[in-house]
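What follows is the content of data-v4.cif, which has mmCIF, N, CA, C and O atoms:
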```cif
data_start
loop_
_atom_site.label_atom_id
_atom_site.label_comp_id
_atom_site.auth_asym_id
_atom_site.auth_seq_id
_atom_site.Cartn_x
_atom_site.Cartn_y
_atom_site.Cartn_z
N MET A 1 53.03 -22.66 -13.84
CA MET A 1 52.33 -23.91 -13.72
C MET A 1 50.83 -23.61 -13.64
O MET A 1 50.42 -22.65 -13.01
N CYS A 2 50.03 -24.44 -14.25
CA CYS A 2 48.57 -24.26 -14.24
C CYS A 2 47.98 -24.64 -12.89
O CYS A 2 48.52 -25.47 -12.17
N GLY A 3 46.86 -24.02 -12.58
CA GLY A 3 46.16 -24.34 -11.35
C GLY A 3 44.66 -24.34 -11.58
O GLY A 3 44.15 -23.60 -12.43
N LEU A 4 43.96 -25.18 -10.85
CA LEU A 4 42.51 -25.28 -10.94
C LEU A 4 41.89 -25.16 -9.56
O LEU A 4 42.46 -25.64 -8.58
N ILE A 5 40.73 -24.54 -9.48
CA ILE A 5 39.94 -24.54 -8.26
C ILE A 5 38.51 -24.87 -8.65
O ILE A 5 38.12 -24.72 -9.81
N GLY A 6 37.72 -25.34 -7.71
CA GLY A 6 36.35 -25.67 -8.04
C GLY A 6 35.46 -25.76 -6.82
O GLY A 6 35.93 -25.88 -5.69
N PHE A 7 34.17 -25.67 -7.08
CA PHE A 7 33.16 -25.79 -6.03
C PHE A 7 31.89 -26.32 -6.66
O PHE A 7 31.53 -25.93 -7.78
N THR A 8 31.20 -27.19 -5.96
CA THR A 8 29.86 -27.61 -6.32
C THR A 8 29.13 -27.95 -5.04
O THR A 8 29.73 -28.43 -4.08
N GLY A 9 27.86 -27.66 -4.99
CA GLY A 9 27.09 -27.95 -3.78
C GLY A 9 25.63 -27.58 -3.96
O GLY A 9 25.23 -26.98 -4.95
N LYS A 10 24.83 -27.93 -2.98
CA LYS A 10 23.40 -27.60 -3.01
C LYS A 10 23.16 -26.13 -2.71
O LYS A 10 22.21 -25.54 -3.19
N GLN A 11 24.03 -25.54 -1.90
CA GLN A 11 23.91 -24.12 -1.56
C GLN A 11 24.83 -23.31 -2.46
O GLN A 11 25.77 -23.83 -3.05
N LYS A 12 24.57 -22.02 -2.53
CA LYS A 12 25.40 -21.12 -3.34
C LYS A 12 26.78 -20.99 -2.72
O LYS A 12 26.95 -20.99 -1.50
N ALA A 13 27.79 -20.85 -3.58
CA ALA A 13 29.16 -20.65 -3.12
C ALA A 13 29.29 -19.27 -2.49
O ALA A 13 28.63 -18.32 -2.88
N ASN A 14 30.17 -19.15 -1.51
CA ASN A 14 30.47 -17.87 -0.90
C ASN A 14 31.41 -17.12 -1.85
O ASN A 14 32.55 -17.52 -2.05
N PRO A 15 30.94 -16.01 -2.47
CA PRO A 15 31.78 -15.32 -3.45
C PRO A 15 33.07 -14.76 -2.86
O PRO A 15 34.08 -14.65 -3.56
N PHE A 16 33.08 -14.43 -1.58
CA PHE A 16 34.31 -13.94 -0.93
C PHE A 16 35.38 -15.04 -0.94
O PHE A 16 36.54 -14.79 -1.26
N ILE A 17 34.98 -16.26 -0.61
CA ILE A 17 35.93 -17.38 -0.59
C ILE A 17 36.39 -17.71 -2.00
O ILE A 17 37.58 -17.94 -2.23
N ILE A 18 35.47 -17.73 -2.96
CA ILE A 18 35.85 -17.99 -4.35
C ILE A 18 36.86 -16.96 -4.83
O ILE A 18 37.86 -17.29 -5.49
N ASN A 19 36.64 -15.70 -4.49
CA ASN A 19 37.57 -14.64 -4.90
C ASN A 19 38.95 -14.86 -4.27
O ASN A 19 39.98 -14.71 -4.95
N LYS A 20 38.99 -15.22 -3.00
CA LYS A 20 40.29 -15.49 -2.34
C LYS A 20 41.00 -16.66 -3.01
O LYS A 20 42.22 -16.64 -3.18
N LEU A 21 40.25 -17.69 -3.38
CA LEU A 21 40.84 -18.83 -4.07
C LEU A 21 41.41 -18.42 -5.43
O LEU A 21 42.49 -18.88 -5.83
N MET A 22 40.69 -17.55 -6.15
CA MET A 22 41.19 -17.07 -7.44
C MET A 22 42.48 -16.28 -7.27
O MET A 22 43.41 -16.42 -8.06
N ILE A 23 42.56 -15.46 -6.23
CA ILE A 23 43.78 -14.68 -5.97
C ILE A 23 44.94 -15.61 -5.67
O ILE A 23 46.04 -15.46 -6.20
N ALA A 24 44.71 -16.61 -4.80
CA ALA A 24 45.77 -17.56 -4.45
C ALA A 24 46.19 -18.37 -5.68
O ALA A 24 47.38 -18.62 -5.89
N ASN A 25 45.24 -18.78 -6.49
CA ASN A 25 45.53 -19.57 -7.68
C ASN A 25 46.31 -18.76 -8.71
O ASN A 25 47.10 -19.31 -9.47
N ASP A 26 46.09 -17.46 -8.73
CA ASP A 26 46.78 -16.58 -9.68
C ASP A 26 48.30 -16.60 -9.49
O ASP A 26 49.04 -16.34 -10.43
N LYS A 27 48.76 -16.94 -8.32
CA LYS A 27 50.20 -16.98 -8.04
C LYS A 27 50.88 -18.15 -8.75
O LYS A 27 52.09 -18.21 -8.83
N ARG A 28 50.09 -19.06 -9.29
CA ARG A 28 50.63 -20.24 -9.96
C ARG A 28 51.02 -19.95 -11.41
O ARG A 28 51.71 -20.74 -12.03
N GLY A 29 50.52 -18.88 -11.98
CA GLY A 29 50.79 -18.63 -13.40
C GLY A 29 50.67 -17.16 -13.72
O GLY A 29 51.54 -16.37 -13.42
N GLY A 30 49.55 -16.78 -14.29
CA GLY A 30 49.33 -15.39 -14.60
C GLY A 30 49.31 -15.07 -16.08
O GLY A 30 49.22 -13.92 -16.47
N HIS A 31 49.39 -16.09 -16.94
CA HIS A 31 49.32 -15.84 -18.38
C HIS A 31 47.88 -15.65 -18.85
O HIS A 31 47.60 -14.84 -19.70
N SER A 32 46.99 -16.45 -18.29
CA SER A 32 45.56 -16.28 -18.55
C SER A 32 44.79 -16.88 -17.38
O SER A 32 45.26 -17.81 -16.72
N THR A 33 43.62 -16.33 -17.14
CA THR A 33 42.79 -16.75 -16.02
C THR A 33 41.35 -16.75 -16.48
O THR A 33 40.95 -15.91 -17.28
N GLY A 34 40.57 -17.67 -15.96
CA GLY A 34 39.17 -17.71 -16.32
C GLY A 34 38.37 -18.58 -15.39
O GLY A 34 38.90 -19.20 -14.48
N TYR A 35 37.05 -18.61 -15.66
CA TYR A 35 36.18 -19.45 -14.86
C TYR A 35 34.92 -19.82 -15.61
O TYR A 35 34.55 -19.19 -16.61
N TYR A 36 34.26 -20.85 -15.13
CA TYR A 36 32.94 -21.27 -15.59
C TYR A 36 32.06 -21.32 -14.36
O TYR A 36 32.42 -21.93 -13.35
N ASP A 37 30.91 -20.66 -14.41
CA ASP A 37 30.04 -20.57 -13.24
C ASP A 37 28.73 -21.35 -13.39
O ASP A 37 27.78 -21.11 -12.68
N GLY A 38 28.70 -22.29 -14.30
CA GLY A 38 27.49 -23.05 -14.54
C GLY A 38 26.66 -22.47 -15.67
O GLY A 38 25.79 -23.13 -16.21
N ASN A 39 26.93 -21.20 -16.04
CA ASN A 39 26.21 -20.55 -17.13
C ASN A 39 27.15 -19.98 -18.19
O ASN A 39 26.89 -20.11 -19.37
N ASP A 40 28.22 -19.32 -17.75
CA ASP A 40 29.10 -18.60 -18.67
C ASP A 40 30.55 -18.98 -18.48
O ASP A 40 30.99 -19.29 -17.37
N PHE A 41 31.31 -18.93 -19.59
CA PHE A 41 32.76 -19.02 -19.55
C PHE A 41 33.29 -17.59 -19.62
O PHE A 41 32.88 -16.82 -20.48
N VAL A 42 34.19 -17.25 -18.72
CA VAL A 42 34.79 -15.92 -18.69
C VAL A 42 36.30 -16.10 -18.65
O VAL A 42 36.81 -16.90 -17.88
N LYS A 43 37.03 -15.35 -19.49
CA LYS A 43 38.48 -15.50 -19.56
C LYS A 43 39.13 -14.15 -19.77
O LYS A 43 38.60 -13.31 -20.49
N VAL A 44 40.28 -13.93 -19.14
CA VAL A 44 41.10 -12.74 -19.36
C VAL A 44 42.54 -13.18 -19.58
O VAL A 44 42.97 -14.21 -19.07
N LEU A 45 43.27 -12.40 -20.35
CA LEU A 45 44.70 -12.63 -20.49
C LEU A 45 45.40 -11.93 -19.35
O LEU A 45 45.04 -10.82 -18.98
N GLY A 46 46.38 -12.58 -18.79
CA GLY A 46 47.10 -12.01 -17.66
C GLY A 46 46.48 -12.42 -16.34
O GLY A 46 45.70 -13.36 -16.25
N LYS A 47 46.81 -11.68 -15.31
CA LYS A 47 46.34 -12.01 -13.96
C LYS A 47 44.85 -11.77 -13.81
O LYS A 47 44.23 -11.07 -14.60
N SER A 48 44.26 -12.34 -12.77
CA SER A 48 42.81 -12.33 -12.59
C SER A 48 42.26 -11.03 -12.02
O SER A 48 41.08 -10.96 -11.72
N VAL A 49 43.06 -9.98 -11.91
CA VAL A 49 42.60 -8.72 -11.33
C VAL A 49 41.31 -8.24 -12.00
O VAL A 49 40.39 -7.77 -11.32
N GLY A 50 41.19 -8.40 -13.30
CA GLY A 50 40.00 -7.96 -14.01
C GLY A 50 38.75 -8.76 -13.69
O GLY A 50 37.64 -8.35 -13.98
N LEU A 51 38.92 -9.93 -13.07
CA LEU A 51 37.78 -10.79 -12.76
C LEU A 51 37.26 -10.62 -11.33
O LEU A 51 36.17 -11.09 -11.03
N HIS A 52 38.02 -9.97 -10.47
CA HIS A 52 37.65 -9.93 -9.05
C HIS A 52 36.26 -9.36 -8.81
O HIS A 52 35.51 -9.90 -8.01
N GLN A 53 35.91 -8.28 -9.46
CA GLN A 53 34.59 -7.67 -9.26
C GLN A 53 33.49 -8.63 -9.69
O GLN A 53 32.48 -8.77 -9.00
N GLN A 54 33.68 -9.30 -10.82
CA GLN A 54 32.69 -10.25 -11.31
C GLN A 54 32.53 -11.43 -10.36
O GLN A 54 31.42 -11.86 -10.07
N VAL A 55 33.65 -11.97 -9.90
CA VAL A 55 33.61 -13.15 -9.03
C VAL A 55 32.94 -12.81 -7.70
O VAL A 55 32.17 -13.61 -7.17
N ARG A 56 33.16 -11.61 -7.18
CA ARG A 56 32.55 -11.22 -5.90
C ARG A 56 31.03 -11.11 -5.99
O ARG A 56 30.35 -11.14 -4.97
N GLN A 57 30.49 -11.01 -7.20
CA GLN A 57 29.04 -10.88 -7.36
C GLN A 57 28.36 -12.17 -7.81
O GLN A 57 27.15 -12.20 -8.01
N LEU A 58 29.13 -13.25 -7.93
CA LEU A 58 28.55 -14.51 -8.39
C LEU A 58 27.59 -15.10 -7.36
O LEU A 58 27.83 -15.04 -6.16
N LYS A 59 26.52 -15.67 -7.87
CA LYS A 59 25.58 -16.42 -7.05
C LYS A 59 25.36 -17.74 -7.77
O LYS A 59 24.46 -17.88 -8.59
N THR A 60 26.23 -18.69 -7.49
CA THR A 60 26.21 -19.96 -8.21
C THR A 60 26.53 -21.11 -7.27
O THR A 60 27.17 -20.93 -6.24
N ASN A 61 26.04 -22.28 -7.63
CA ASN A 61 26.41 -23.47 -6.85
C ASN A 61 27.39 -24.35 -7.63
O ASN A 61 27.67 -25.47 -7.23
N LYS A 62 27.90 -23.83 -8.76
CA LYS A 62 28.94 -24.51 -9.55
C LYS A 62 29.99 -23.49 -9.93
O LYS A 62 29.66 -22.41 -10.40
N PHE A 63 31.24 -23.85 -9.77
CA PHE A 63 32.32 -22.93 -10.13
C PHE A 63 33.57 -23.72 -10.43
O PHE A 63 33.97 -24.58 -9.66
N ILE A 64 34.20 -23.43 -11.56
CA ILE A 64 35.51 -23.98 -11.92
C ILE A 64 36.37 -22.80 -12.34
O ILE A 64 35.97 -22.04 -13.23
N GLY A 65 37.52 -22.62 -11.72
CA GLY A 65 38.44 -21.55 -12.07
C GLY A 65 39.78 -22.12 -12.50
O GLY A 65 40.17 -23.20 -12.06
N HIS A 66 40.47 -21.42 -13.39
CA HIS A 66 41.79 -21.88 -13.84
C HIS A 66 42.74 -20.70 -13.99
O HIS A 66 42.33 -19.57 -14.20
N THR A 67 44.00 -21.01 -13.82
CA THR A 67 45.07 -20.06 -14.11
C THR A 67 46.12 -20.83 -14.90
O THR A 67 46.45 -21.96 -14.58
N ARG A 68 46.63 -20.18 -15.94
CA ARG A 68 47.69 -20.80 -16.75
C ARG A 68 48.88 -19.87 -16.71
O ARG A 68 48.79 -18.68 -16.71
#
```
Target encoding structure tokens, full file:
Amino acid sequence: MCGLIGFTGKQKANPFIINKLMIANDKRGGHSTGYYDGNDFVKVLGKSVGLHQQVRQLKTNKFIGHTR
């Protein structure tokens, strides 16, 4: 089943929390995972393990993540 997570605000998102949300959301599917951070679309096939390092370094006030 697909899952979505998101964040928007005046302050930057906490990358630790965003990463935890991506890990939890990954349990919903695992065929493909990706995100949009206000600047770039990033996508991987399979589980989000390949995205964890990138997500932990994000400094954004917009974030949409998906798992299919």
Worksheet entry | Explicit residues for the PyMOL selection byres ((chain A and resi 56) around 8) (as a list in words) |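 On this input, the PyMOL selection byres ((chain A and resi 56) around 8) captures Ala13, Asn14, Pro15, Phe16, Ile17, Ile18, Asn19, Leu51, His52, Gln53, Gln54, Val55, Gln57, Leu58 and Lys59 of chain A.
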Worksheet item: Which is closest to Asn39 in chain A among A:Lys12, A:His66, A:Gly3, A:Asn61, if we use only C-alpha atoms?
Response: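 Ranking A:Lys12, A:His66, A:Gly3, A:Asn61 by distance to Asn39 in chain A, first place goes to A:Asn61.
Within 12 Å of Val49 in chain A, once only C-alpha atoms are used and residues closer than 5 positions along the same chain are dropped, the contacting residues are Asn19, Lys20, Met22, Ile23, Ala24, Asn25, Asp26, Lys27, Gly30, Ser32, Thr33, Gly34, Lys43, Val44, Gln54, Val55, Arg56 and Thr67 of chain A.
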Practice prompt. May I ask which of the residues A:Leu4, A:Leu21, A:Lys62, A:Gln11 is the closest one to Gly38 in chain A, counting only C-alpha atoms?
Written response: A:Lys62
Item to complete: Taking the chain letters and numbering used in this document, name the residues of chain A that DSSP puts in alpha helix (DSSP H), as a list in words.
Response: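 For chain A, the alpha helix (DSSP H) set is Pro15, Phe16, Ile17, Ile18, Asn19, Lys20, Leu21, Met22, Ile23, Ala24, Asn25, Asp26, His52, Gln53, Gln54, Val55 and Arg56 of chain A.
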Item to complete: Counting only C-alpha atoms, figure out which residue out of A:Ser48, A:Met1, A:Lys10, A:Gly65 gets nearest to Tyr35 in chain A.
Response: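 Ranked by minimum distance to Tyr35 in chain A, first place goes to A:Gly65.
Of note, CA of Gly9 in chain A and atom O of Gly46 in chain A are spaced 26.7 Å apart.
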Adding 8 Å on each side of the box along x, y and z that holds all listed atoms of range 37-40 of chain A, could you give its centre and edge lengths in Å to one decimal, as lines of an AutoDock Vina configuration file?
```
center_x = 28.4
center_y = -20.9
center_z = -16.0
size_x = 21.2
size_y = 20.5
size_z = 22.7
```
Worksheet item: In Å, how far is it from atom O of Thr8 in chain A to CA of Thr60 in chain A?
Response: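 Interatomic distance here is 10.1 Å.
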Can you give me all heavy atoms for range 55-66 of chain A, written as a PDB file, keeping the file's coordinate frame?
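Output below, filename rebuild.pdb:
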```
ATOM      1  N   VAL A  55      33.650 -11.970  -9.900  1.00  0.00           N
ATOM      2  CA  VAL A  55      33.610 -13.150  -9.030  1.00  0.00           C
ATOM      3  C   VAL A  55      32.940 -12.810  -7.700  1.00  0.00           C
ATOM      4  O   VAL A  55      32.170 -13.610  -7.170  1.00  0.00           O
ATOM      5  CB  VAL A  55      35.043 -13.696  -8.804  1.00  0.00           C
ATOM      6  CG1 VAL A  55      35.068 -14.758  -7.723  1.00  0.00           C
ATOM      7  CG2 VAL A  55      35.600 -14.252 -10.107  1.00  0.00           C
ATOM      8  N   ARG A  56      33.160 -11.610  -7.180  1.00  0.00           N
ATOM      9  CA  ARG A  56      32.550 -11.220  -5.900  1.00  0.00           C
ATOM     10  C   ARG A  56      31.030 -11.110  -5.990  1.00  0.00           C
ATOM     11  O   ARG A  56      30.350 -11.140  -4.970  1.00  0.00           O
ATOM     12  CB  ARG A  56      33.137  -9.907  -5.408  1.00  0.00           C
ATOM     13  CG  ARG A  56      34.529 -10.059  -4.812  1.00  0.00           C
ATOM     14  CD  ARG A  56      34.951  -8.808  -4.091  1.00  0.00           C
ATOM     15  NE  ARG A  56      35.111  -7.672  -4.972  1.00  0.00           N
ATOM     16  CZ  ARG A  56      36.269  -7.223  -5.430  1.00  0.00           C
ATOM     17  NH1 ARG A  56      37.390  -7.821  -5.084  1.00  0.00           N
ATOM     18  NH2 ARG A  56      36.321  -6.180  -6.223  1.00  0.00           N
ATOM     19  N   GLN A  57      30.490 -11.010  -7.200  1.00  0.00           N
ATOM     20  CA  GLN A  57      29.040 -10.880  -7.360  1.00  0.00           C
ATOM     21  C   GLN A  57      28.360 -12.170  -7.810  1.00  0.00           C
ATOM     22  O   GLN A  57      27.150 -12.200  -8.010  1.00  0.00           O
ATOM     23  CB  GLN A  57      28.748  -9.766  -8.375  1.00  0.00           C
ATOM     24  CG  GLN A  57      29.218  -8.417  -7.888  1.00  0.00           C
ATOM     25  CD  GLN A  57      29.010  -7.337  -8.928  1.00  0.00           C
ATOM     26  OE1 GLN A  57      28.341  -7.522  -9.923  1.00  0.00           O
ATOM     27  NE2 GLN A  57      29.609  -6.183  -8.679  1.00  0.00           N
ATOM     28  N   LEU A  58      29.130 -13.250  -7.930  1.00  0.00           N
ATOM     29  CA  LEU A  58      28.550 -14.510  -8.390  1.00  0.00           C
ATOM     30  C   LEU A  58      27.590 -15.100  -7.360  1.00  0.00           C
ATOM     31  O   LEU A  58      27.830 -15.040  -6.160  1.00  0.00           O
ATOM     32  CB  LEU A  58      29.659 -15.531  -8.656  1.00  0.00           C
ATOM     33  CG  LEU A  58      30.479 -15.337  -9.912  1.00  0.00           C
ATOM     34  CD1 LEU A  58      31.572 -16.393  -9.973  1.00  0.00           C
ATOM     35  CD2 LEU A  58      29.611 -15.403 -11.145  1.00  0.00           C
ATOM     36  N   LYS A  59      26.520 -15.670  -7.870  1.00  0.00           N
ATOM     37  CA  LYS A  59      25.580 -16.420  -7.050  1.00  0.00           C
ATOM     38  C   LYS A  59      25.360 -17.740  -7.770  1.00  0.00           C
ATOM     39  O   LYS A  59      24.460 -17.880  -8.590  1.00  0.00           O
ATOM     40  CB  LYS A  59      24.275 -15.651  -6.906  1.00  0.00           C
ATOM     41  CG  LYS A  59      24.427 -14.369  -6.130  1.00  0.00           C
ATOM     42  CD  LYS A  59      23.115 -13.640  -6.060  1.00  0.00           C
ATOM     43  CE  LYS A  59      23.089 -12.370  -5.300  1.00  0.00           C
ATOM     44  NZ  LYS A  59      24.175 -11.636  -4.965  1.00  0.00           N
ATOM     45  N   THR A  60      26.230 -18.690  -7.490  1.00  0.00           N
ATOM     46  CA  THR A  60      26.210 -19.960  -8.210  1.00  0.00           C
ATOM     47  C   THR A  60      26.530 -21.110  -7.270  1.00  0.00           C
ATOM     48  O   THR A  60      27.170 -20.930  -6.240  1.00  0.00           O
ATOM     49  CB  THR A  60      27.223 -19.937  -9.375  1.00  0.00           C
ATOM     50  OG1 THR A  60      27.106 -21.154 -10.108  1.00  0.00           O
ATOM     51  CG2 THR A  60      28.651 -19.763  -8.898  1.00  0.00           C
ATOM     52  N   ASN A  61      26.040 -22.280  -7.630  1.00  0.00           N
ATOM     53  CA  ASN A  61      26.410 -23.470  -6.850  1.00  0.00           C
ATOM     54  C   ASN A  61      27.390 -24.350  -7.630  1.00  0.00           C
ATOM     55  O   ASN A  61      27.670 -25.470  -7.230  1.00  0.00           O
ATOM     56  CB  ASN A  61      25.169 -24.256  -6.436  1.00  0.00           C
ATOM     57  CG  ASN A  61      24.387 -24.796  -7.605  1.00  0.00           C
ATOM     58  OD1 ASN A  61      24.588 -24.386  -8.741  1.00  0.00           O
ATOM     59  ND2 ASN A  61      23.482 -25.708  -7.339  1.00  0.00           N
ATOM     60  N   LYS A  62      27.900 -23.830  -8.760  1.00  0.00           N
ATOM     61  CA  LYS A  62      28.940 -24.510  -9.550  1.00  0.00           C
ATOM     62  C   LYS A  62      29.990 -23.490  -9.930  1.00  0.00           C
ATOM     63  O   LYS A  62      29.660 -22.410 -10.400  1.00  0.00           O
ATOM     64  CB  LYS A  62      28.348 -25.092 -10.831  1.00  0.00           C
ATOM     65  CG  LYS A  62      27.305 -26.122 -10.614  1.00  0.00           C
ATOM     66  CD  LYS A  62      26.721 -26.535 -11.944  1.00  0.00           C
ATOM     67  CE  LYS A  62      25.483 -27.343 -11.686  1.00  0.00           C
ATOM     68  NZ  LYS A  62      24.441 -27.082 -12.631  1.00  0.00           N
ATOM     69  N   PHE A  63      31.240 -23.850  -9.770  1.00  0.00           N
ATOM     70  CA  PHE A  63      32.320 -22.930 -10.130  1.00  0.00           C
ATOM     71  C   PHE A  63      33.570 -23.720 -10.430  1.00  0.00           C
ATOM     72  O   PHE A  63      33.970 -24.580  -9.660  1.00  0.00           O
ATOM     73  CB  PHE A  63      32.599 -21.954  -8.991  1.00  0.00           C
ATOM     74  CG  PHE A  63      33.614 -20.907  -9.345  1.00  0.00           C
ATOM     75  CD1 PHE A  63      33.231 -19.724  -9.933  1.00  0.00           C
ATOM     76  CD2 PHE A  63      34.962 -21.117  -9.097  1.00  0.00           C
ATOM     77  CE1 PHE A  63      34.155 -18.766 -10.280  1.00  0.00           C
ATOM     78  CE2 PHE A  63      35.897 -20.171  -9.445  1.00  0.00           C
ATOM     79  CZ  PHE A  63      35.498 -18.994 -10.032  1.00  0.00           C
ATOM     80  N   ILE A  64      34.200 -23.430 -11.560  1.00  0.00           N
ATOM     81  CA  ILE A  64      35.510 -23.980 -11.920  1.00  0.00           C
ATOM     82  C   ILE A  64      36.370 -22.800 -12.340  1.00  0.00           C
ATOM     83  O   ILE A  64      35.970 -22.040 -13.230  1.00  0.00           O
ATOM     84  CB  ILE A  64      35.432 -25.000 -13.050  1.00  0.00           C
ATOM     85  CG1 ILE A  64      34.536 -26.171 -12.667  1.00  0.00           C
ATOM     86  CG2 ILE A  64      36.834 -25.495 -13.421  1.00  0.00           C
ATOM     87  CD1 ILE A  64      34.235 -27.106 -13.828  1.00  0.00           C
ATOM     88  N   GLY A  65      37.520 -22.620 -11.720  1.00  0.00           N
ATOM     89  CA  GLY A  65      38.440 -21.550 -12.070  1.00  0.00           C
ATOM     90  C   GLY A  65      39.780 -22.120 -12.500  1.00  0.00           C
ATOM     91  O   GLY A  65      40.170 -23.200 -12.060  1.00  0.00           O
ATOM     92  N   HIS A  66      40.470 -21.420 -13.390  1.00  0.00           N
ATOM     93  CA  HIS A  66      41.790 -21.880 -13.840  1.00  0.00           C
ATOM     94  C   HIS A  66      42.740 -20.700 -13.990  1.00  0.00           C
ATOM     95  O   HIS A  66      42.330 -19.570 -14.200  1.00  0.00           O
ATOM     96  CB  HIS A  66      41.687 -22.611 -15.181  1.00  0.00           C
ATOM     97  CG  HIS A  66      41.520 -21.684 -16.351  1.00  0.00           C
ATOM     98  ND1 HIS A  66      42.581 -21.094 -17.002  1.00  0.00           N
ATOM     99  CD2 HIS A  66      40.424 -21.218 -16.958  1.00  0.00           C
ATOM    100  CE1 HIS A  66      42.143 -20.319 -17.970  1.00  0.00           C
ATOM    101  NE2 HIS A  66      40.815 -20.373 -17.968  1.00  0.00           N
TER     102      HIS A  66
END
```
